[in-house]
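Below is the file target.cif, which contains mmCIF, C-alpha atoms.
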data_final
#
loop_
_atom_site.label_atom_id
_atom_site.label_comp_id
_atom_site.auth_asym_id
_atom_site.auth_seq_id
_atom_site.Cartn_x
_atom_site.Cartn_y
_atom_site.Cartn_z
CA MET A 1 37.16 -48.13 62.13
CA ALA A 2 38.99 -45.14 63.57
CA PRO A 3 38.24 -44.19 67.18
CA SER A 4 35.72 -41.49 67.99
CA LEU A 5 36.90 -37.95 67.39
CA VAL A 6 34.33 -36.36 69.65
CA GLU A 7 34.76 -37.88 73.07
CA THR A 8 35.39 -34.54 74.76
CA LEU A 9 34.10 -32.06 72.20
CA PRO A 10 31.79 -29.40 73.68
CA LEU A 11 28.65 -28.87 71.67
CA ARG A 12 28.66 -25.08 71.82
CA ALA A 13 31.20 -23.98 69.22
CA ALA A 14 30.99 -20.20 69.38
CA THR A 15 29.62 -17.24 71.25
CA PRO A 16 26.19 -15.91 70.21
CA SER A 17 27.59 -12.81 68.51
CA LYS A 18 30.44 -14.43 66.60
CA THR A 19 29.70 -17.65 64.77
CA LYS A 20 31.79 -19.95 62.62
CA VAL A 21 30.68 -20.16 58.99
CA THR A 22 31.73 -22.52 56.22
CA GLU A 23 30.57 -22.76 52.61
CA GLY A 24 28.93 -26.09 52.00
CA PHE A 25 31.22 -28.18 54.26
CA ASN A 26 32.89 -29.93 51.35
CA LYS A 27 36.27 -31.38 52.24
CA GLU A 28 38.22 -28.70 50.39
CA PHE A 29 36.01 -25.88 51.63
CA VAL A 30 35.89 -26.65 55.34
CA GLY A 31 39.19 -24.91 55.95
CA LEU A 32 37.69 -21.61 54.82
CA SER A 33 35.89 -20.91 58.08
CA ASN A 34 35.31 -17.37 59.21
CA THR A 35 33.23 -15.50 61.75
CA TYR A 36 30.11 -13.56 61.05
CA ASP A 37 28.60 -10.83 63.14
CA GLN A 38 24.92 -11.55 63.72
CA LYS A 39 24.21 -7.84 64.24
CA ASP A 40 25.62 -7.01 60.81
CA GLU A 41 23.59 -9.80 59.24
CA ILE A 42 20.41 -8.61 60.93
CA ASN A 43 20.95 -4.86 60.49
CA GLY A 44 23.02 -4.84 57.30
CA THR A 45 26.41 -3.31 56.58
CA GLU A 46 27.55 -0.16 54.81
CA LYS A 47 27.51 -1.94 51.44
CA HIS A 48 24.92 -4.69 51.89
CA ALA A 49 21.30 -4.93 53.01
CA PRO A 50 20.19 -6.96 56.03
CA ALA A 51 19.60 -10.69 55.65
CA SER A 52 16.21 -11.26 54.04
CA PHE A 53 15.48 -14.22 56.31
CA PRO A 54 17.14 -13.53 59.69
CA HIS A 55 15.30 -16.45 61.31
CA TYR A 56 17.32 -18.69 58.96
CA LEU A 57 20.72 -17.43 60.19
CA PRO A 58 22.89 -20.31 61.42
CA VAL A 59 23.50 -21.22 65.05
CA TRP A 60 25.37 -24.19 66.47
CA ASP A 61 23.69 -24.44 69.86
CA ASN A 62 20.45 -26.29 69.11
CA GLU A 63 21.76 -29.31 71.05
CA THR A 64 22.70 -29.81 74.69
CA GLU A 65 24.30 -33.21 74.14
CA ARG A 66 25.63 -35.28 71.25
CA TYR A 67 23.24 -37.28 69.17
CA PRO A 68 23.37 -41.09 69.21
CA PRO A 69 24.28 -42.95 66.01
CA LEU A 70 21.65 -42.93 63.27
CA GLN A 71 19.53 -46.08 63.31
CA PRO A 72 18.41 -47.94 60.17
CA PHE A 73 14.84 -47.28 59.06
CA GLU A 74 12.52 -48.56 56.36
CA HIS A 75 12.30 -46.00 53.58
CA TYR A 76 9.42 -45.92 51.12
CA ASP A 77 9.91 -43.99 47.89
CA HIS A 78 6.64 -42.34 46.93
CA GLY A 79 7.74 -42.15 43.33
CA LYS A 80 6.52 -45.74 43.09
CA ASP A 81 2.95 -44.47 43.46
CA ALA A 82 3.18 -41.66 40.92
CA ASP A 83 1.08 -41.16 37.81
CA PRO A 84 3.79 -40.87 35.11
CA THR A 85 1.76 -38.27 33.22
CA PHE A 86 2.18 -35.87 36.18
CA PRO A 87 -1.33 -34.34 36.15
CA ASP A 88 -1.13 -33.08 39.73
CA LEU A 89 2.46 -31.83 39.58
CA LEU A 90 2.43 -30.29 36.11
CA PRO A 91 -1.16 -29.31 35.26
CA LYS A 92 -1.32 -28.23 31.64
CA ASP A 93 -3.19 -25.02 32.43
CA LYS A 94 -0.59 -23.80 34.96
CA ALA A 95 2.86 -25.35 34.63
CA GLN A 96 5.43 -24.13 32.15
CA VAL A 97 8.18 -26.74 31.77
CA SER A 98 11.42 -26.46 29.82
CA GLU A 99 14.48 -28.69 29.67
CA ILE A 100 17.76 -27.19 30.84
CA THR A 101 19.82 -29.75 28.90
CA PRO A 102 18.85 -32.97 27.12
CA TYR A 103 20.44 -35.21 29.74
CA ILE A 104 19.76 -33.41 33.00
CA GLY A 105 17.51 -30.74 34.41
CA SER A 106 14.08 -29.21 33.87
CA GLU A 107 12.83 -25.78 34.89
CA VAL A 108 9.25 -25.40 36.10
CA ARG A 109 7.27 -22.19 36.51
CA GLY A 110 3.69 -21.76 37.66
CA VAL A 111 3.79 -24.48 40.34
CA GLN A 112 3.62 -23.72 44.06
CA LEU A 113 5.33 -26.60 45.82
CA SER A 114 3.67 -26.08 49.20
CA GLN A 115 0.24 -26.51 47.60
CA LEU A 116 0.95 -29.94 46.13
CA THR A 117 -1.34 -32.76 47.15
CA ASN A 118 0.17 -36.09 48.15
CA ALA A 119 -0.41 -37.23 44.58
CA GLY A 120 1.56 -34.20 43.39
CA LYS A 121 4.37 -35.01 45.80
CA ASP A 122 4.48 -38.59 44.55
CA GLN A 123 4.80 -37.26 41.02
CA LEU A 124 7.49 -34.84 42.12
CA ALA A 125 9.58 -37.74 43.44
CA LEU A 126 9.24 -39.56 40.11
CA PHE A 127 9.83 -36.49 37.94
CA VAL A 128 12.99 -35.61 39.85
CA ALA A 129 14.22 -39.20 39.60
CA GLN A 130 13.71 -39.09 35.84
CA ARG A 131 15.14 -35.61 35.18
CA LYS A 132 17.68 -35.85 38.07
CA LEU A 133 17.38 -32.10 38.73
CA VAL A 134 14.30 -29.85 38.68
CA VAL A 135 14.48 -26.08 39.19
CA PHE A 136 11.30 -24.45 40.46
CA ARG A 137 10.82 -20.70 40.35
CA ASP A 138 8.53 -20.56 43.38
CA GLN A 139 8.48 -17.23 45.22
CA ASP A 140 6.49 -18.63 48.15
CA PHE A 141 8.50 -21.61 49.39
CA ALA A 142 11.19 -19.68 51.29
CA HIS A 143 8.46 -17.67 53.02
CA LEU A 144 6.85 -20.74 54.56
CA PRO A 145 7.24 -21.10 58.33
CA ILE A 146 10.22 -23.38 58.82
CA ASP A 147 8.12 -26.08 60.47
CA LYS A 148 5.83 -26.13 57.41
CA ALA A 149 8.81 -26.43 55.04
CA LEU A 150 10.06 -29.37 57.12
CA GLU A 151 6.61 -30.94 57.10
CA PHE A 152 6.63 -30.76 53.32
CA GLY A 153 10.12 -32.25 53.03
CA GLY A 154 9.41 -34.97 55.57
CA TYR A 155 6.98 -36.59 53.13
CA PHE A 156 10.00 -37.78 51.13
CA GLY A 157 11.93 -39.43 53.97
CA ARG A 158 13.40 -39.10 57.43
CA HIS A 159 15.11 -35.76 57.95
CA HIS A 160 18.89 -35.91 58.09
CA ILE A 161 20.58 -33.71 60.69
CA HIS A 162 24.02 -32.72 59.47
CA PRO A 163 26.80 -33.59 61.95
CA THR A 164 28.70 -30.30 61.65
CA SER A 165 26.72 -27.56 59.94
CA GLY A 166 24.88 -24.54 61.32
CA ALA A 167 21.08 -24.53 61.40
CA PRO A 168 18.29 -22.09 62.22
CA LYS A 169 17.58 -21.71 65.92
CA GLY A 170 15.26 -24.53 66.97
CA TYR A 171 15.45 -26.40 63.65
CA PRO A 172 18.54 -28.62 63.45
CA GLN A 173 16.98 -30.53 60.52
CA ILE A 174 17.73 -27.58 58.21
CA HIS A 175 21.24 -27.55 56.72
CA LEU A 176 22.41 -24.02 55.95
CA VAL A 177 24.85 -22.80 53.34
CA HIS A 178 25.78 -19.31 54.49
CA ARG A 179 28.46 -16.81 53.57
CA SER A 180 27.80 -13.50 55.24
CA ALA A 181 27.85 -10.02 53.71
CA ASP A 182 31.35 -8.56 53.23
CA ASP A 183 32.92 -11.99 53.68
CA LYS A 184 35.55 -12.60 51.00
CA ASN A 185 37.48 -15.34 52.77
CA GLY A 186 36.27 -17.90 50.26
CA LEU A 187 38.54 -16.33 47.67
CA LYS A 188 41.52 -17.55 49.68
CA PHE A 189 40.68 -21.01 48.40
CA LEU A 190 41.74 -19.85 44.95
CA ASP A 191 45.11 -18.71 46.27
CA GLU A 192 46.07 -22.39 46.36
CA HIS A 193 43.71 -23.89 43.77
CA THR A 194 43.07 -23.19 40.11
CA ASN A 195 39.30 -23.66 40.41
CA SER A 196 36.58 -24.08 43.02
CA VAL A 197 34.83 -27.15 41.61
CA THR A 198 34.38 -29.89 44.25
CA TRP A 199 32.06 -32.62 42.99
CA HIS A 200 30.14 -34.55 45.63
CA SER A 201 26.85 -36.16 46.52
CA ASP A 202 25.65 -35.17 49.97
CA VAL A 203 26.74 -37.15 53.05
CA THR A 204 27.30 -40.42 51.18
CA TYR A 205 29.16 -41.70 54.24
CA GLU A 206 25.81 -42.35 55.94
CA GLN A 207 24.36 -45.85 55.83
CA GLN A 208 21.21 -44.39 54.25
CA PRO A 209 22.22 -41.27 52.30
CA PRO A 210 19.69 -38.72 51.02
CA GLY A 211 17.34 -39.19 48.08
CA THR A 212 14.96 -36.41 46.97
CA THR A 213 16.67 -33.24 48.24
CA PHE A 214 15.57 -29.59 48.40
CA LEU A 215 17.73 -26.45 48.37
CA TYR A 216 16.21 -22.97 48.26
CA LEU A 217 17.66 -19.50 48.01
CA LEU A 218 17.30 -16.97 50.81
CA ASP A 219 19.87 -14.41 49.63
CA GLY A 220 22.41 -14.58 46.84
CA PRO A 221 24.90 -12.50 44.88
CA THR A 222 23.70 -10.65 41.80
CA SER A 223 25.77 -13.05 39.73
CA GLY A 224 27.98 -15.94 40.70
CA GLY A 225 27.60 -18.69 43.26
CA ASP A 226 25.93 -20.99 40.74
CA THR A 227 25.72 -24.74 41.31
CA LEU A 228 26.78 -27.45 38.85
CA PHE A 229 24.97 -30.79 38.64
CA VAL A 230 25.90 -33.97 36.76
CA ASN A 231 23.79 -36.98 35.77
CA MET A 232 25.52 -39.98 37.34
CA ALA A 233 23.19 -42.47 35.64
CA GLN A 234 24.13 -41.16 32.22
CA ALA A 235 27.79 -41.10 33.28
CA TYR A 236 27.46 -44.83 33.95
CA LYS A 237 25.76 -45.43 30.58
CA ARG A 238 28.54 -43.54 28.78
CA LEU A 239 31.06 -46.21 29.80
CA SER A 240 31.64 -49.24 27.58
CA PRO A 241 29.63 -52.40 28.38
CA GLU A 242 32.78 -54.28 29.37
CA PHE A 243 33.87 -51.49 31.71
CA ARG A 244 30.39 -51.29 33.26
CA LYS A 245 30.44 -55.04 33.77
CA ARG A 246 33.78 -54.80 35.59
CA LEU A 247 32.46 -52.14 37.97
CA HIS A 248 29.56 -54.32 39.09
CA GLY A 249 30.19 -56.09 42.36
CA LEU A 250 32.70 -53.50 43.53
CA LYS A 251 32.16 -51.54 46.73
CA ALA A 252 33.73 -48.29 47.85
CA LEU A 253 34.33 -46.88 51.30
CA HIS A 254 32.68 -43.50 51.99
CA SER A 255 34.02 -41.68 55.05
CA GLY A 256 32.76 -38.80 57.22
CA PHE A 257 35.85 -38.80 59.44
CA GLU A 258 37.68 -36.14 57.46
CA GLN A 259 34.68 -33.80 57.64
CA ALA A 260 34.55 -34.24 61.41
CA GLU A 261 38.29 -33.62 61.70
CA SER A 262 37.97 -30.42 59.69
CA SER A 263 35.16 -29.20 61.93
CA LEU A 264 37.23 -29.88 65.02
CA ALA A 265 40.25 -28.15 63.53
CA ARG A 266 38.33 -24.90 63.10
CA GLY A 267 36.74 -25.04 66.55
CA GLY A 268 33.44 -26.33 65.23
CA ILE A 269 30.91 -28.90 66.30
CA VAL A 270 30.41 -32.61 65.69
CA ARG A 271 26.94 -33.76 66.72
CA ARG A 272 27.43 -37.51 66.18
CA ASP A 273 30.43 -39.77 66.11
CA PRO A 274 31.66 -39.88 62.50
CA VAL A 275 30.99 -42.97 60.44
CA ALA A 276 32.20 -44.70 57.31
CA ASN A 277 30.14 -47.06 55.18
CA GLU A 278 30.67 -49.27 52.16
CA HIS A 279 28.35 -48.72 49.19
CA PRO A 280 28.20 -50.24 45.69
CA VAL A 281 30.24 -48.41 43.07
CA VAL A 282 27.16 -48.83 40.85
CA ARG A 283 23.82 -48.37 42.61
CA THR A 284 20.29 -48.97 41.33
CA HIS A 285 17.46 -46.48 41.68
CA PRO A 286 14.49 -48.14 43.44
CA VAL A 287 11.85 -46.48 41.22
CA THR A 288 13.34 -46.05 37.76
CA GLY A 289 15.62 -49.10 37.90
CA GLU A 290 18.43 -46.99 36.45
CA LYS A 291 21.99 -47.76 37.42
CA ALA A 292 24.33 -44.92 38.34
CA LEU A 293 27.90 -44.39 39.39
CA TYR A 294 28.03 -43.83 43.12
CA VAL A 295 31.46 -42.43 43.94
CA ASN A 296 32.56 -38.86 44.58
CA PRO A 297 35.90 -37.22 45.42
CA GLN A 298 34.63 -35.61 48.63
CA PHE A 299 33.71 -38.72 50.55
CA THR A 300 34.80 -41.83 48.60
CA ARG A 301 38.14 -43.00 49.95
CA LYS A 302 38.94 -46.38 48.36
CA ILE A 303 37.68 -49.38 46.43
CA VAL A 304 37.20 -52.23 48.88
CA GLY A 305 39.57 -55.13 48.24
CA TYR A 306 41.89 -53.15 45.94
CA LYS A 307 45.41 -52.14 46.81
CA LYS A 308 45.95 -48.42 47.22
CA GLU A 309 47.52 -47.85 43.81
CA GLU A 310 44.78 -49.87 42.10
CA SER A 311 42.03 -48.05 43.97
CA ASP A 312 43.52 -44.61 43.35
CA TYR A 313 43.89 -45.36 39.64
CA LEU A 314 40.27 -46.47 39.20
CA LEU A 315 38.79 -43.70 41.34
CA LYS A 316 40.80 -41.04 39.52
CA PHE A 317 39.44 -42.28 36.21
CA LEU A 318 35.86 -42.21 37.50
CA PHE A 319 36.26 -38.78 39.12
CA ASP A 320 37.76 -37.36 35.92
CA HIS A 321 35.01 -38.98 33.85
CA ILE A 322 32.36 -37.27 36.00
CA ALA A 323 34.12 -33.88 35.96
CA LEU A 324 34.88 -33.84 32.23
CA SER A 325 31.47 -34.98 30.99
CA GLN A 326 30.16 -31.47 30.49
CA ASP A 327 27.44 -32.71 28.14
CA LEU A 328 26.00 -34.56 31.16
CA GLN A 329 26.01 -31.45 33.35
CA ALA A 330 23.75 -28.49 34.04
CA ARG A 331 24.50 -25.16 35.68
CA VAL A 332 21.84 -23.64 37.93
CA LYS A 333 21.73 -19.87 38.37
CA TRP A 334 20.19 -18.85 41.67
CA THR A 335 17.60 -16.07 41.46
CA PRO A 336 15.02 -14.98 44.05
CA GLY A 337 12.40 -17.69 44.47
CA THR A 338 14.61 -20.53 43.21
CA VAL A 339 13.99 -23.97 44.74
CA VAL A 340 16.18 -26.75 43.38
CA VAL A 341 15.11 -30.36 43.84
CA TRP A 342 17.49 -33.15 42.90
CA ASP A 343 17.84 -36.87 43.42
CA ASN A 344 21.02 -37.31 45.43
CA ARG A 345 21.19 -41.00 44.49
CA VAL A 346 21.81 -40.36 40.80
CA THR A 347 23.49 -36.93 40.72
CA ALA A 348 26.55 -35.13 42.01
CA HIS A 349 26.96 -31.37 42.36
CA SER A 350 29.42 -28.59 43.12
CA ALA A 351 29.00 -25.01 44.28
CA LEU A 352 31.17 -22.33 42.68
CA LEU A 353 33.17 -19.62 44.47
CA ASP A 354 33.31 -16.95 41.80
CA TRP A 355 31.92 -13.67 43.19
CA GLU A 356 34.25 -11.07 44.66
CA ASN A 357 31.95 -8.27 45.82
CA GLY A 358 31.15 -9.63 49.27
CA GLN A 359 27.45 -10.17 48.61
CA ARG A 360 25.70 -12.58 50.95
CA ARG A 361 25.01 -16.17 49.83
CA HIS A 362 22.45 -17.89 52.04
CA LEU A 363 20.58 -21.08 51.19
CA ALA A 364 18.64 -23.71 53.15
CA ARG A 365 18.60 -27.44 52.47
CA ILE A 366 16.02 -30.04 53.44
CA THR A 367 17.64 -33.47 53.25
CA PRO A 368 15.35 -36.52 53.48
CA GLN A 369 17.22 -39.80 53.78
CA ALA A 370 16.44 -42.71 51.48
CA GLU A 371 17.17 -46.43 51.28
CA ARG A 372 20.56 -48.00 51.77
CA PRO A 373 22.29 -48.09 48.35
CA PHE A 374 21.88 -51.43 46.59
CA GLU A 375 22.97 -52.93 43.29
CA THR A 376 21.09 -55.16 40.88
CA PRO A 377 23.00 -57.64 38.69
CA PHE A 378 24.62 -56.66 35.44
CA GLU A 379 22.48 -57.95 32.59
CA GLY A 380 24.57 -57.14 29.54
CA GLU A 381 23.04 -53.70 29.15
#

Can the structure from this file be put into structure tokens for me?
Amino acid sequence: MAPSLVETLPLRAATPSKTKVTEGFNKEFVGLSNTYDQKDEINGTEKHAPASFPHYLPVWDNETERYPPLQPFEHYDHGKDADPTFPDLLPKDKAQVSEITPYIGSEVRGVQLSQLTNAGKDQLALFVAQRKLVVFRDQDFAHLPIDKALEFGGYFGRHHIHPTSGAPKGYPQIHLVHRSADDKNGLKFLDEHTNSVTWHSDVTYEQQPPGTTFLYLLDGPTSGGDTLFVNMAQAYKRLSPEFRKRLHGLKALHSGFEQAESSLARGGIVRRDPVANEHPVVRTHPVTGEKALYVNPQFTRKIVGYKKEESDYLLKFLFDHIALSQDLQARVKWTPGTVVVWDNRVTAHSALLDWENGQRRHLARITPQAERPFETPFEGE
């Protein structure tokens, strides 16, 4: 394991009026940091209105000292308790449900997430595990007090606090994706790249990465800034039985060191010493029993026990397979009131940098952790 990168790093990364901002904190995007003026975000600019949710603007000074390493915990997936007919989540007299694609994604209207009973939340966990991605058009969720939104999300697991991202003042458990009004620095990424697609599953370098995950829109461009999702369970099934059999038993190293290095390089913050963990290349979902590919180009560094050339060859094939399987993907358009819920164990996603008018893009993520990834034996499926 590499030595700590944060022995002498101060926790306060910026002055109150000028704050570092990065889109998503993916490995390729972290170099696109910029400053935002809080006054302009609160009061608006000549071309753009004020932030709709100023209490969600990011700060980096919630902490006075670094956090200790995350400790293992016993996770219980409430999807195990769910009624598979979803009477409390999708009541027939209220919910309108439509599939986005056959393989991934459903859109739900007429359901207010914050009003779900525990039975409804159990069913939400199962429905998301089955459909991988569920898009709710819920105008009320973003207007909840932040502590109430966190209380809702905490039902699904222990809150993850991101090691480098900005968060609302007083609420480090919220991960923010924020590009301020009039900020066009993200377009510089395309000066050196032909596209902005960066597939990843969130913080897979943790020992217990996230499961049921929530992302909701606060402000967004009129068009653009969509998010792509891919069904990693179906990507596994698409492979030949012999190839699937060969992947079983393999482990891959997932690393957070590069993310920490990128944060340091732009004068940012690292709340905890970075970690790397080994996870199965094929993981099993604890509720559905489905097996899914569990590698991604943002955090997966190598196949354990393979030489570099062997590992690079296999990972490139798997990364290309995920990226090119467009029939296993869905594209989510963010509109006011959008809340996206996905199962981070069996999906990967990528934001898109494709709007040039400087409109604000501001989203909040609640990230409950789940079990440590595990694999069940190959059974000739």

**OP:** Write out as number ranges by chain the residues lying within 8 Å of A:Leu352, counting only C-alpha atoms and excluding same-chain residues fewer than 2 positions away.
**Re:** A: 196-197, 224-228, 350, 354

Original post:
Do you know which residues the PyMOL selection byres ((chain A and resi 163-167) around 9) returns on this file, as a PyMOL selection string?
Top reply: chain A and resi 20-22+24-25+56-62+67+161-162+168-178+259-260+263+268-274+364

Subject >> Close residues, stretch 249-254 of chain A itself excluded, 12 Å, all atoms listed in the file, min 6 positions apart in chain, as a ChimeraX atom specification >> reply: /A:1,200-209,274-283,293-306,311-312,314-315,373-378

**OP:** Go through A:Pro336, A:Thr198, A:Arg266, A:Arg372 and flag the residue nearest A:Ala351, using only C-alpha atoms for the distances.
**Re:**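 Distance minimum relative to A:Ala351 lands on A:Thr198.
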
**OP:** Between atom CA of A:Arg360 and atom CA of A:Phe53, measure the distance and give it in Å to one decimal.
**Re:** 11.7 Å

**OP:** Quick one: apply the PyMOL selection byres ((chain A and resi 81-93) around 6) to the file and drop the selected residues here as a PyMOL selection string.
**Re:** chain A and resi 78-80+94-95+120+122-123

What does the file look like for those residues with C-alpha atoms, as a JSON list (two decimals), in the frame of the given file?
[["chain", "number", "residue", "atom", "x", "y", "z"],
["A", 78, "HIS", "CA", 6.64, -42.34, 46.93],
["A", 79, "GLY", "CA", 7.74, -42.15, 43.33],
["A", 80, "LYS", "CA", 6.52, -45.74, 43.09],
["A", 94, "LYS", "CA", -0.59, -23.80, 34.96],
["A", 95, "ALA", "CA", 2.86, -25.35, 34.63],
["A", 120, "GLY", "CA", 1.56, -34.20, 43.39],
["A", 122, "ASP", "CA", 4.48, -38.59, 44.55],
["A", 123, "GLN", "CA", 4.80, -37.26, 41.02]]

Counting only C-alpha atoms, select every polymer residue within 10 Å of (19.0, -9.9, 56.3) as defined in the file's coordinates, and provide the selection as an mmCIF file with C-alpha atoms, in the coordinates of the input.
data_model
loop_
_atom_site.group_PDB
_atom_site.id
_atom_site.type_symbol
_atom_site.label_atom_id
_atom_site.label_comp_id
_atom_site.auth_asym_id
_atom_site.auth_seq_id
_atom_site.Cartn_x
_atom_site.Cartn_y
_atom_site.Cartn_z
ATOM 1 C CA GLN A 38 24.920 -11.550 63.720
ATOM 2 C CA LYS A 39 24.210 -7.840 64.240
ATOM 3 C CA ASP A 40 25.620 -7.010 60.810
ATOM 4 C CA GLU A 41 23.590 -9.800 59.240
ATOM 5 C CA ILE A 42 20.410 -8.610 60.930
ATOM 6 C CA ASN A 43 20.950 -4.860 60.490
ATOM 7 C CA GLY A 44 23.020 -4.840 57.300
ATOM 8 C CA THR A 45 26.410 -3.310 56.580
ATOM 9 C CA HIS A 48 24.920 -4.690 51.890
ATOM 10 C CA ALA A 49 21.300 -4.930 53.010
ATOM 11 C CA PRO A 50 20.190 -6.960 56.030
ATOM 12 C CA ALA A 51 19.600 -10.690 55.650
ATOM 13 C CA SER A 52 16.210 -11.260 54.040
ATOM 14 C CA PHE A 53 15.480 -14.220 56.310
ATOM 15 C CA PRO A 54 17.140 -13.530 59.690
ATOM 16 C CA HIS A 55 15.300 -16.450 61.310
ATOM 17 C CA TYR A 56 17.320 -18.690 58.960
ATOM 18 C CA LEU A 57 20.720 -17.430 60.190
ATOM 19 C CA SER A 180 27.800 -13.500 55.240
ATOM 20 C CA ALA A 181 27.850 -10.020 53.710
ATOM 21 C CA LEU A 218 17.300 -16.970 50.810
ATOM 22 C CA ASP A 219 19.870 -14.410 49.630
ATOM 23 C CA ARG A 360 25.700 -12.580 50.950
ATOM 24 C CA HIS A 362 22.450 -17.890 52.040
#

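Distance-wise, atom CA of A:Leu124 and atom CA of A:Phe73 end up 22.3 Å apart.
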
**OP:** Give me, please, the distance in Å between atom CA of A:Thr288 and atom CA of A:Phe214, quoted to one decimal.
**Re:** 19.7 Å

Subject >> Best match for closeness to A:Gly358 among A:Gly153, A:Gly186, A:Pro68, A:Pro145, counting all atoms listed in the file >> reply: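 That would be A:Gly186, the residue with the smallest distance to A:Gly358.
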
Subject >> Expected selection from the PyMOL selection byres ((chain A and resi 339) around 9), given as a list in words >> reply: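 This file, filtered by the PyMOL selection byres ((chain A and resi 339) around 9), leaves Val134, Val135, Phe136, Arg137, Asp138, Gln139, Phe141, Ala142, Phe214, Leu215, Tyr216, Leu217, Trp334, Gly337, Thr338, Val340 and Val341 of chain A.
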
Mind checking which residues fall within 7 Å of A:Lys132, counting all atoms listed in the file, ignoring those fewer than 4 positions away in the same chain, and posting them as a PDB file with C-alpha atoms, in the frame of the given file?
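Saved the output as out-v7.pdb:
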ATOM      1  CA  ILE A 104      19.760 -33.410  33.000  1.00  0.00           C
ATOM      2  CA  GLY A 105      17.510 -30.740  34.410  1.00  0.00           C
ATOM      3  CA  VAL A 128      12.990 -35.610  39.850  1.00  0.00           C
ATOM      4  CA  ASN A 231      23.790 -36.980  35.770  1.00  0.00           C
ATOM      5  CA  TRP A 342      17.490 -33.150  42.900  1.00  0.00           C
ATOM      6  CA  ASP A 343      17.840 -36.870  43.420  1.00  0.00           C
ATOM      7  CA  VAL A 346      21.810 -40.360  40.800  1.00  0.00           C
ATOM      8  CA  THR A 347      23.490 -36.930  40.720  1.00  0.00           C
TER       9      THR A 347
END

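With only C-alpha atoms as the basis for measurement, A:Trp355 is the residue among A:Phe257, A:Phe319, A:Phe156, A:Trp355 that approaches A:Pro221 most closely.
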
Original post:
Between A:Ile322, A:Ala129, A:Leu247, A:Leu353, which is the closest to A:His285 once you count all atoms listed in the file?
Top reply: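 Of the candidates, the smallest distance to A:His285 is held by A:Ala129.
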
Subject >> Shortest interatomic distance to A:Leu150 - which of A:Asn185, A:Ser240, A:Asn357, A:Thr367, counting all atoms listed in the file >> reply: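 Closest residue, counting all atoms listed in the file: A:Thr367.
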
**OP:** Pick out the closest residue to A:Trp199 from this set: A:Leu324, A:Val108, A:Leu133, A:Ala348. Count all atoms listed in the file.
**Re:** A:Ala348
